[in-house]
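Worksheet: the structure to be examined is printed underneath.
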Amino acid sequence: MVDNDVVVNEIFIDAEPELVYRFLTEGDLMRRWMGVDVEIDPKLGGIYRVSPDGVETARGNYVEVIPNRKIAFTWGYESGMDGVAVGSSLVEVTLEARKPGTLVRLVHQHLPSDARRAHDDGWQHYLARLKMASEGRDPGPDPYVNA
């Protein structure tokens with residue numbers, strides 16, 4: 001973690017940025033690594049609505065979409081869980097081509113202090129699953145589902 005309201009996670013994925021980007025922006029591919037219910041429209045102002053565990057639902061809107069390089073969307077829970085209301089935080093995911101794959105950097109900003117650790121743990125969990133899916137491996141059942 002960096003600063004007082006920011007969570008930063010990085011992971012190297014042995015896949016080209018174009019493929020990783022698809023796993024971040026295509027609902028059927030996203031469901032393989034995160035979400036039992038996924039409704040996304042990755043364009044400026046488009047909806048981001050994902051229920052990672054089948055219980056809580058995160059919702060926001062895309063604020064930046066640069067194909068194969070970056071997506072950014074607002075984030076918050078429809079229930080207001082952890083004090084994170086819909087649209088109250090920002091998630092930025094950048095993809096940097098690094099032979100032979102991609103460095104993925106996820107920055108989650110504007111989180112309340114008591115929500116940072118859970119989000120840091122959650123993003124580490126889901127980025128590991130993204131890595132497996134993008135590299136052609138099955139991440140298996142998500143232990144967070146209905147937890």
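For the structure tokens, the naming scheme is as follows: chains receive sequential letters (A, B, ...) according to their order of presentation, residues are indexed from 1 within each chain, and ligands are indexed from 1 in presentation order.
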
Original post:
Neighbours of Asp82 of chain A within 12 Å (only C-alpha atoms; same-chain residues fewer than 5 positions away dropped), as number ranges by chain?
Top reply: A: 56, 58, 76-77, 88-89, 111-119

Pull C-alpha atoms from the residues just selected and write them as a compact mmCIF listing (two decimals), in the first residue's frame.
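Result file part30.txt:
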```txt
# COMPACT_ATOMS: atom_id res chain seq x y z
CA GLU A 56 -22.06 -7.94 -2.60
CA ALA A 58 -19.60 -3.33 -6.85
CA GLY A 76 -18.33 1.22 -4.63
CA TYR A 77 -20.79 -1.24 -3.19
CA SER A 88 -16.79 6.87 -4.13
CA SER A 89 -13.46 5.28 -5.10
CA LEU A 111 -10.76 4.10 0.12
CA PRO A 112 -11.64 4.63 3.77
CA SER A 113 -8.82 3.54 6.06
CA ASP A 114 -10.80 0.64 7.51
CA ALA A 115 -11.53 -0.72 4.00
CA ARG A 116 -7.97 -0.66 2.62
CA ARG A 117 -6.72 -3.99 3.96
CA ALA A 118 -9.75 -5.95 2.71
CA HIS A 119 -9.47 -4.35 -0.72
```

**OP:** Would you return as a PyMOL selection string the members of segment 10-146 of chain A that DSSP assigns to alpha helix (DSSP H) on this structure's backbone?
**Re:** chain A and resi 17-25+27-30+113-134

Original post:
Using only C-alpha atoms, which of A:Glu10, A:Pro143, A:Trp33, A:Asp53 sits nearest Glu92 of chain A?
Top reply: A:Glu10

So which residues touch Asn146 of chain A within 8 Å, counting only C-alpha atoms, skipping near sequence neighbours fewer than 2 positions away, as a PDB file with C-alpha atoms, in the first residue's frame?
```pdb
ATOM      1  CA  ASP A  53     -18.877 -13.261  -4.470  1.00  0.00           C
ATOM      2  CA  GLY A  54     -22.584 -13.571  -5.259  1.00  0.00           C
ATOM      3  CA  VAL A  55     -23.425 -11.488  -2.168  1.00  0.00           C
ATOM      4  CA  TYR A 144     -14.706 -16.000  -2.041  1.00  0.00           C
TER       5      TYR A 144
END
```

**OP:** State, in Å with one decimal place, the distance from atom CA of Val93 of chain A to atom CA of Val107 of chain A.
**Re:** 6.5 Å

Original post:
How many Å separate atom CA of Arg59 of chain A from atom CA of Gly87 of chain A?
Top reply: 7.1 Å
